[in-house]
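Asker: Provided herewith: entry18.txt, compact mmCIF, C-alpha atoms.
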# COMPACT_ATOMS: atom_id res chain seq x y z
CA MET K 16 109.39 4.03 32.71
CA THR K 17 107.75 3.02 29.44
CA ALA K 18 104.41 4.03 30.89
CA ALA K 19 105.78 7.50 31.65
CA ILE K 20 107.14 7.87 28.10
CA LEU K 21 103.75 6.84 26.68
CA ASP K 22 102.04 9.36 28.97
CA TYR K 23 104.30 12.16 27.77
CA ALA K 24 103.75 11.16 24.14
CA THR K 25 99.98 11.20 24.75
CA VAL K 26 100.13 14.63 26.35
CA LEU K 27 102.23 16.05 23.51
CA LEU K 28 99.93 14.61 20.85
CA ILE K 29 96.81 15.93 22.61
CA LEU K 30 98.34 19.39 22.97
CA ALA K 31 99.45 19.44 19.32
CA GLY K 32 96.07 18.15 18.15
CA SER K 33 94.20 20.75 20.20
CA PHE K 34 96.49 23.49 18.89
CA PHE K 35 95.78 22.62 15.24
CA THR K 36 92.04 22.29 15.89
CA LEU K 37 92.02 25.71 17.58
CA ALA K 38 94.01 27.17 14.68
CA ALA K 39 91.45 25.70 12.27
CA ALA K 40 88.58 27.32 14.20
CA ILE K 41 90.33 30.70 14.28
CA GLY K 42 91.11 30.33 10.57
CA ILE K 43 87.44 29.82 9.74
CA LEU K 44 86.59 33.03 11.56
CA ARG K 45 89.37 35.17 10.12
CA LEU K 46 89.79 34.07 6.51
CA PRO K 47 87.83 36.03 3.90
CA ASP K 48 86.04 33.53 1.63
CA LEU K 49 84.96 29.90 1.23
CA PHE K 50 88.19 28.75 -0.44
CA THR K 51 90.53 30.11 2.16
CA ARG K 52 88.24 28.86 4.94
CA MET K 53 88.26 25.36 3.47
CA HIS K 54 92.04 25.40 3.80
CA ALA K 55 91.73 25.91 7.52
CA ALA K 56 88.69 23.71 8.09
CA SER K 57 89.50 20.59 6.13
CA LYS K 58 93.21 20.39 6.70
CA ALA K 59 94.21 21.79 10.04
CA GLY K 60 91.06 20.00 11.21
CA ALA K 61 92.17 16.66 9.79
CA VAL K 62 95.64 17.03 11.28
CA GLY K 63 94.20 18.04 14.66
CA ALA K 64 91.64 15.24 14.78
CA GLY K 65 94.26 12.78 13.50
CA LEU K 66 96.72 13.66 16.27
CA LEU K 67 93.95 13.37 18.90
CA LEU K 68 92.92 9.95 17.56
CA ILE K 69 96.51 8.71 17.61
CA ALA K 70 96.90 10.03 21.16
CA ALA K 71 93.80 8.05 22.19
CA GLY K 72 95.20 4.96 20.47
CA ILE K 73 98.54 5.24 22.27
CA HIS K 74 96.98 6.01 25.63
CA THR K 75 94.77 2.90 25.77
CA GLY K 76 97.78 0.69 25.03
CA ASP K 77 95.34 -1.77 23.47
CA ALA K 78 96.35 -2.95 19.98
CA GLY K 79 92.74 -3.39 18.89
CA LEU K 80 91.75 0.13 19.91
CA ALA K 81 94.93 1.56 18.40
CA ALA K 82 94.09 -0.15 15.10
CA ARG K 83 90.64 1.41 15.24
CA ALA K 84 92.14 4.85 15.89
CA VAL K 85 94.46 4.47 12.89
CA ALA K 86 91.52 3.32 10.74
CA GLY K 87 89.58 6.39 11.91
CA PHE K 88 92.45 8.66 10.91
CA PHE K 89 92.61 6.90 7.55
CA PHE K 90 88.90 7.40 6.88
CA LEU K 91 89.20 11.05 7.86
CA ILE K 92 92.04 11.48 5.37
CA LEU K 93 90.06 9.60 2.74
CA THR K 94 86.85 11.61 3.06
CA SER K 95 87.81 15.17 4.03
CA PRO K 96 89.40 16.12 0.67
CA VAL K 97 86.31 14.90 -1.18
CA SER K 98 84.01 17.22 0.75
CA ALA K 99 86.47 20.12 0.47
CA HIS K 100 86.75 19.59 -3.27
CA LEU K 101 82.96 19.35 -3.75
CA LEU K 102 82.30 22.50 -1.72
CA ALA K 103 84.96 24.46 -3.61
CA ARG K 104 83.67 23.22 -6.97
CA ALA K 105 80.05 23.98 -6.08
CA PHE K 106 81.12 27.49 -5.05
CA ILE K 107 82.80 28.10 -8.44
CA VAL K 108 80.09 26.44 -10.53
CA THR K 109 77.37 28.57 -8.93
CA GLY K 110 79.21 31.66 -10.14
CA ASN K 111 80.99 32.81 -7.00
CA ARG K 112 84.50 34.14 -7.17
CA PRO K 113 87.23 34.41 -4.54
CA ASP K 114 86.95 37.48 -2.31
CA LEU K 115 90.16 39.41 -2.86
CA SER K 116 89.01 42.64 -1.27
CA ARG K 117 90.56 42.21 2.16
CA LEU K 118 94.01 41.00 1.28
CA ARG K 119 97.63 41.83 1.62
CA HIS K 120 98.37 44.19 -1.23
CA ARG K 121 96.00 46.65 0.42
CA ASN K 122 97.75 46.37 3.75
CA ARG K 123 101.18 46.65 2.19
CA LYS K 124 100.45 50.05 0.78
CA GLY K 125 99.22 51.02 4.18
CA GLU K 126 95.67 51.73 3.06
CA GLY K 127 92.73 50.31 4.91
CA ASP K 128 92.80 48.25 8.05
CA SER K 129 94.35 44.88 8.44
CA PRO K 130 91.66 42.26 7.78
CA VAL K 131 89.49 41.34 10.75
CA MET F 14 83.86 -18.53 -12.11
CA MET F 15 87.26 -17.31 -10.98
CA PRO F 16 87.21 -13.92 -9.25
CA SER F 17 89.14 -11.26 -11.18
CA ARG F 18 92.42 -9.73 -10.01
CA SER F 19 90.54 -6.54 -9.12
CA ALA F 20 87.98 -8.44 -7.05
CA ILE F 21 90.71 -10.19 -5.05
CA ALA F 22 92.47 -6.88 -4.42
CA TYR F 23 89.24 -5.23 -3.26
CA ALA F 24 88.43 -8.20 -1.01
CA LEU F 25 91.85 -8.00 0.65
CA ILE F 26 91.55 -4.23 1.21
CA LEU F 27 88.05 -4.61 2.70
CA THR F 28 89.22 -7.46 4.92
CA ALA F 29 92.10 -5.32 6.19
CA PHE F 30 89.57 -2.61 7.16
CA TRP F 31 87.37 -5.25 8.79
CA LEU F 32 90.29 -6.43 10.90
CA ALA F 33 91.32 -2.88 11.85
CA LEU F 34 87.78 -1.86 12.81
CA SER F 35 86.89 -5.03 14.71
CA GLY F 36 90.28 -4.86 16.43
CA SER F 37 90.88 -8.57 16.71
CA LEU F 38 93.44 -10.40 14.59
CA THR F 39 92.35 -14.05 14.75
CA LEU F 40 92.05 -16.61 11.98
CA LEU F 41 88.31 -16.93 12.56
CA ASN F 42 87.76 -13.17 12.39
CA SER F 43 89.87 -12.97 9.20
CA LEU F 44 87.71 -15.61 7.54
CA LEU F 45 84.55 -13.82 8.69
CA GLY F 46 85.93 -10.53 7.27
CA LEU F 47 86.75 -12.24 3.99
CA ALA F 48 83.22 -13.68 3.79
CA VAL F 49 81.60 -10.29 4.50
CA SER F 50 83.89 -8.63 1.91
CA ALA F 51 82.98 -11.24 -0.69
CA GLY F 52 79.27 -10.65 0.02
CA ALA F 53 79.70 -6.87 -0.30
CA LEU F 54 81.60 -7.24 -3.56
CA LEU F 55 78.90 -9.54 -4.91
CA VAL F 56 76.33 -6.81 -4.28
CA LEU F 57 78.57 -4.13 -5.85
CA ARG F 58 79.53 -6.35 -8.79
CA GLY F 59 80.29 -4.33 -11.94
CA GLN F 60 80.09 -0.95 -10.20
CA LEU F 61 83.65 -0.69 -8.91
CA PRO F 62 86.36 0.47 -11.33
CA GLU F 63 88.84 -2.17 -12.52
CA ILE F 64 92.22 -1.99 -10.83
CA ASP F 65 94.41 -1.60 -13.92
CA PHE F 66 97.71 -0.83 -12.25
CA ARG F 67 100.35 -2.28 -9.99
CA ILE F 68 101.83 -0.57 -6.95
CA ARG F 69 105.53 -0.48 -6.24
CA PRO F 70 105.84 -1.00 -2.46
CA ILE F 71 108.97 1.16 -2.10
CA GLY F 72 107.35 3.95 -4.09
CA ALA F 73 104.19 3.70 -1.96
CA VAL F 74 106.17 3.96 1.30
CA LYS F 75 108.09 6.96 -0.08
CA LEU F 76 104.85 8.60 -1.18
CA PHE F 77 103.32 8.07 2.28
CA LEU F 78 106.37 9.54 4.05
CA LEU F 79 106.42 12.50 1.65
CA PHE F 80 102.72 13.01 2.40
CA LEU F 81 103.23 12.93 6.20
CA ALA F 82 106.14 15.39 5.95
CA GLU F 83 104.18 17.75 3.68
CA LEU F 84 101.10 17.48 5.91
CA LEU F 85 102.96 18.46 9.08
CA ARG F 86 105.05 21.16 7.38
CA SER F 87 102.10 22.87 5.76
CA ALA F 88 99.72 22.38 8.71
CA TRP F 89 102.24 24.34 10.73
CA ARG F 90 102.52 27.00 8.03
CA VAL F 91 98.76 27.47 7.73
CA ALA F 92 98.36 27.55 11.52
CA ARG F 93 101.00 30.30 11.69
CA LEU F 94 99.42 32.27 8.85
CA VAL F 95 96.04 32.14 10.56
CA LEU F 96 97.35 33.16 13.99
CA MET F 97 99.47 36.10 12.78
CA PRO F 98 97.98 39.45 13.80
CA ARG F 99 98.16 40.55 10.15
CA LEU F 100 96.55 38.12 7.70
CA ASP F 101 99.47 37.82 5.30
CA ILE F 102 97.97 35.74 2.49
CA GLU F 103 97.69 36.10 -1.26
CA PRO F 104 95.14 33.50 -2.34
CA GLY F 105 94.44 32.63 -5.95
CA ILE F 106 93.68 29.79 -8.33
CA VAL F 107 96.61 28.28 -10.19
CA ALA F 108 96.34 26.06 -13.29
CA VAL F 109 98.69 23.11 -12.81
CA PRO F 110 99.39 20.97 -15.89
CA VAL F 111 99.76 17.30 -14.94
CA GLY F 112 101.09 14.36 -16.92
CA LEU F 113 99.18 11.56 -15.16
CA THR F 114 96.55 9.63 -17.10
CA ARG F 115 94.87 6.96 -14.93
CA ASP F 116 91.79 7.82 -12.90
CA ALA F 117 93.38 6.41 -9.76
CA GLU F 118 96.53 8.49 -10.19
CA LEU F 119 94.63 11.72 -10.84
CA THR F 120 92.28 11.10 -7.91
CA LEU F 121 95.18 10.41 -5.60
CA LEU F 122 97.07 13.52 -6.75
CA ALA F 123 93.99 15.73 -6.38
CA ASN F 124 93.29 14.36 -2.90
CA LEU F 125 96.89 14.72 -1.73
CA ILE F 126 96.92 18.33 -2.94
CA THR F 127 93.70 19.01 -1.06
CA LEU F 128 94.94 17.29 2.09
CA THR F 129 98.09 19.34 2.43
CA PRO F 130 97.09 22.66 3.94
CA GLY F 131 97.64 25.69 1.75
CA THR F 132 96.52 24.05 -1.48
CA LEU F 133 93.06 22.83 -2.52
CA THR F 134 92.05 21.12 -5.77
CA VAL F 135 88.98 22.89 -7.16
CA ASP F 136 88.48 21.24 -10.55
CA ILE F 137 90.06 19.34 -13.42
CA SER F 138 89.93 20.40 -17.07
CA ASP F 139 87.76 18.38 -19.46
CA ASP F 140 90.79 16.91 -21.22
CA ARG F 141 92.16 15.91 -17.77
CA ARG F 142 95.50 17.61 -18.34
CA VAL F 143 95.14 20.57 -16.00
CA LEU F 144 94.23 20.69 -12.31
CA TYR F 145 92.86 23.95 -10.96
CA VAL F 146 94.39 24.42 -7.55
CA HIS F 147 93.47 27.11 -5.04
CA ALA F 148 96.49 28.20 -3.03
CA LEU F 149 96.66 30.35 0.10
CA GLU F 150 99.99 31.74 -1.02
CA ALA F 151 99.66 32.15 -4.79
CA ASP F 152 101.90 35.19 -5.16
CA ASP F 153 104.30 32.90 -7.06
CA PRO F 154 102.18 30.55 -9.25
CA ASP F 155 105.29 28.93 -10.73
CA ALA F 156 106.44 27.86 -7.28
CA VAL F 157 103.05 26.20 -6.65
CA ARG F 158 103.31 24.34 -9.98
CA ARG F 159 106.92 23.34 -9.34
CA ASP F 160 106.14 22.04 -5.82
CA ILE F 161 103.35 19.79 -7.08
CA ARG F 162 105.18 18.49 -10.15
CA SER F 163 108.45 17.65 -8.42
CA GLY F 164 106.74 16.49 -5.20
CA PHE F 165 103.51 14.53 -5.32
CA GLU F 166 103.31 14.02 -9.08
CA ARG F 167 106.75 12.48 -9.28
CA ALA F 168 106.17 10.31 -6.20
CA ILE F 169 102.87 9.04 -7.67
CA ARG F 170 104.59 8.30 -10.98
CA GLU F 171 107.15 6.21 -9.09
CA THR F 172 104.44 4.37 -7.14
CA PHE F 173 102.16 3.27 -9.99
CA ARG F 174 102.97 1.09 -12.99
Would you mind giving the structure from this file in structure tokens?
Answerer:
Amino acid sequence: MTAAILDYATVLLILAGSFFTLAAAIGILRLPDLFTRMHAASKAGAVGAGLLLIAAGIHTGDAGLAARAVAGFFFLILTSPVSAHLLARAFIVTGNRPDLSRLRHRNRKGEGDSPV
Amino acid sequence: MMPSRSAIAYALILTAFWLALSGSLTLLNSLLGLAVSAGALLVLRGQLPEIDFRIRPIGAVKLFLLFLAELLRSAWRVARLVLMPRLDIEPGIVAVPVGLTRDAELTLLANLITLTPGTLTVDISDDRRVLYVHALEADDPDAVRRDIRSGFERAIRETFR
């Protein structure tokens, strides 16, 4: 009984993690500039990878491995904002500006196509 | 020479990571972790910032729960935005005035903002009073500011002291 519950929890976590990872990948393709892409890449990615790690931890049922999975999630959370912040800052400092050309206000007025 | 309060705190944090990563919670392994941490701290002596604050446990737990809730809520929102056939976003950079002063508090706030999908800390002003935050939905800059001030900033204020 408990084993079945753990299996279902694992399946749900893996599905949710895969969904967020897929959303992150699609976001990187569709969003218009570095800033908006970082939103998808660093965050939905961290949530997706975090859920997958926790699923692995639960599935093994081994406390040592579960602790390692949680530590992995923690390191991911600790490091991913630093890289996102550095990339965004480098982008600004080198003189780039957000790309606003493909956004909503254009679509609202019905001009142009919807972005990608 | 007595180790400083900061050094003891760092040693305990490093030992906790050692135990989590080695995955075995025995007395012998704890002592080994403590010894390795002490050696690492000896090498890094003088390069780590002093820990000049105390953490309120209840505040820390609240902050962590708030973070998990925000993370899931906004991960879902960004996933939906990205999967919609029409890309309904209004990105922009918002200046968010903050009232926190310690390095640790500002770092934590900036990282929490970056971690929750939809907002991303780009930079901090030279006088350290304003965070520049990129938001996916910046059509209402005041809402972005309000969310951060009454959410993470307040929770951090209640955690540190």
Asker: Which one of F:Leu41, F:Ile137, F:Leu128, F:Val56 sits closest to Leu85 (chain F) if you count only C-alpha atoms?
Answerer: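 Of F:Leu41, F:Ile137, F:Leu128, F:Val56, the one nearest Leu85 (chain F) is F:Leu128, counting only C-alpha atoms.
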Asker: Taking a cut-off of 7 Å and counting only C-alpha atoms, can you build a table that, for each residue of chain F near chain K, reports the nearest atom pair and how far apart they are in Å (one decimal), sorted by chain then residue number, as a Markdown table?
Answerer:
| residue | atom | partner | partner_atom | distance |
| --- | --- | --- | --- | --- |
| F:Ala33 | CA | K:Ala82 | CA | 5.1 |
| F:Leu34 | CA | K:Arg83 | CA | 5.0 |
| F:Gly36 | CA | K:Gly79 | CA | 3.8 |
| F:Ser37 | CA | K:Gly79 | CA | 5.9 |
| F:Ala88 | CA | K:Ala59 | CA | 5.7 |
| F:Ala92 | CA | K:Ala38 | CA | 5.4 |
| F:Val95 | CA | K:Gly42 | CA | 5.3 |
| F:Leu96 | CA | K:Ala38 | CA | 6.9 |
| F:Arg99 | CA | K:Ser129 | CA | 6.0 |
| F:Leu100 | CA | K:Pro130 | CA | 6.4 |
| F:Asp101 | CA | K:Arg119 | CA | 5.7 |
| F:Ile102 | CA | K:Arg119 | CA | 6.2 |
| F:Glu103 | CA | K:Arg119 | CA | 6.4 |
| F:Asn124 | CA | K:Pro96 | CA | 5.6 |
| F:Thr127 | CA | K:Pro96 | CA | 5.5 |
| F:Leu128 | CA | K:Lys58 | CA | 5.8 |
| F:Thr129 | CA | K:Lys58 | CA | 6.6 |
| F:Pro130 | CA | K:Lys58 | CA | 5.3 |
| F:Gly131 | CA | K:His54 | CA | 6.0 |
| F:Leu133 | CA | K:His54 | CA | 6.9 |
| F:Thr134 | CA | K:His100 | CA | 6.1 |
| F:Val135 | CA | K:Arg104 | CA | 5.3 |
| F:Asp136 | CA | K:Arg104 | CA | 6.3 |
| F:Leu149 | CA | K:Thr51 | CA | 6.5 |
Asker: May I have the selected residues written with C-alpha atoms, as a compact mmCIF listing (two decimals), in the frame of the given file?
Answerer:
# COMPACT_ATOMS: atom_id res chain seq x y z
CA ALA F 33 91.32 -2.88 11.85
CA LEU F 34 87.78 -1.86 12.81
CA GLY F 36 90.28 -4.86 16.43
CA SER F 37 90.88 -8.57 16.71
CA ALA F 88 99.72 22.38 8.71
CA ALA F 92 98.36 27.55 11.52
CA VAL F 95 96.04 32.14 10.56
CA LEU F 96 97.35 33.16 13.99
CA ARG F 99 98.16 40.55 10.15
CA LEU F 100 96.55 38.12 7.70
CA ASP F 101 99.47 37.82 5.30
CA ILE F 102 97.97 35.74 2.49
CA GLU F 103 97.69 36.10 -1.26
CA ASN F 124 93.29 14.36 -2.90
CA THR F 127 93.70 19.01 -1.06
CA LEU F 128 94.94 17.29 2.09
CA THR F 129 98.09 19.34 2.43
CA PRO F 130 97.09 22.66 3.94
CA GLY F 131 97.64 25.69 1.75
CA LEU F 133 93.06 22.83 -2.52
CA THR F 134 92.05 21.12 -5.77
CA VAL F 135 88.98 22.89 -7.16
CA ASP F 136 88.48 21.24 -10.55
CA LEU F 149 96.66 30.35 0.10
Asker: Please report the interatomic distance between CA of Leu25 (chain F) and CA of Ala73 (chain F) in Å with one decimal.
Answerer: 17.2 Å
Asker: In Å to one decimal, how far is CA of Leu81 (chain F) from CA of Ser33 (chain K)?
Answerer: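 A separation of 18.4 Å between them.
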Asker: Got a sec: who's within 8 Å of region 160-169 of chain F, counting only C-alpha atoms, leaving out chain neighbours fewer than 3 positions off, as an MDAnalysis selection string?
Answerer: chainID F and resid 72:73 75:76 79:80 111 113 118 122 125:126 156:157 172:173
Asker: What does the distance between CA of Arg93 (chain F) and CA of Pro110 (chain F) come to in Å, to one decimal place?
Answerer: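 We find that CA of Arg93 (chain F) and CA of Pro110 (chain F) lie 29.2 Å from each other.
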Asker: If you count all atoms listed in the file, which residues fall within 12 Å of Leu61 (chain F), apart from same-chain ones fewer than 6 positions away, as a list in words?
Answerer: Ser19, Ala20, Ala22, Tyr23, Ala24, Ala53, Leu54 and Leu55 of chain F
Asker: Do you know which residues are at most 9 Å from Phe66 (chain F) counting only C-alpha atoms, after dropping those on the same chain fewer than 3 positions away, and could you put them as an mmCIF file with C-alpha atoms, in the frame of the given file?
Answerer:
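Printed below is result-v9.cif as written:
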data_model
loop_
_atom_site.group_PDB
_atom_site.id
_atom_site.type_symbol
_atom_site.label_atom_id
_atom_site.label_comp_id
_atom_site.auth_asym_id
_atom_site.auth_seq_id
_atom_site.Cartn_x
_atom_site.Cartn_y
_atom_site.Cartn_z
ATOM 1 C CA GLU F 63 88.840 -2.170 -12.520
ATOM 2 C CA ARG F 115 94.870 6.960 -14.930
ATOM 3 C CA ALA F 117 93.380 6.410 -9.760
ATOM 4 C CA PHE F 173 102.160 3.270 -9.990
ATOM 5 C CA ARG F 174 102.970 1.090 -12.990
#
Asker: Hey, which of F:Ile64, F:Leu78, F:Leu121, F:Ala48 ends up closest to Arg18 (chain F)? Count only C-alpha atoms.
Answerer: F:Ile64
Asker: Nearest to Leu68 (chain K) among K:Ile29, K:Ser98, K:Asn111, K:Leu49, with distances taken over only C-alpha atoms: which residue is it?
Answerer: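 Smallest separation from Leu68 (chain K) among the options: K:Ile29.
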Asker: Counting only C-alpha atoms, what is within 8 Å of Phe88 (chain K), bar same-chain residues fewer than 5 positions away, as a list in words?
Answerer: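 In the requested format, the answer is Ala64, Gly65, Leu68 and Ile69 of chain K.
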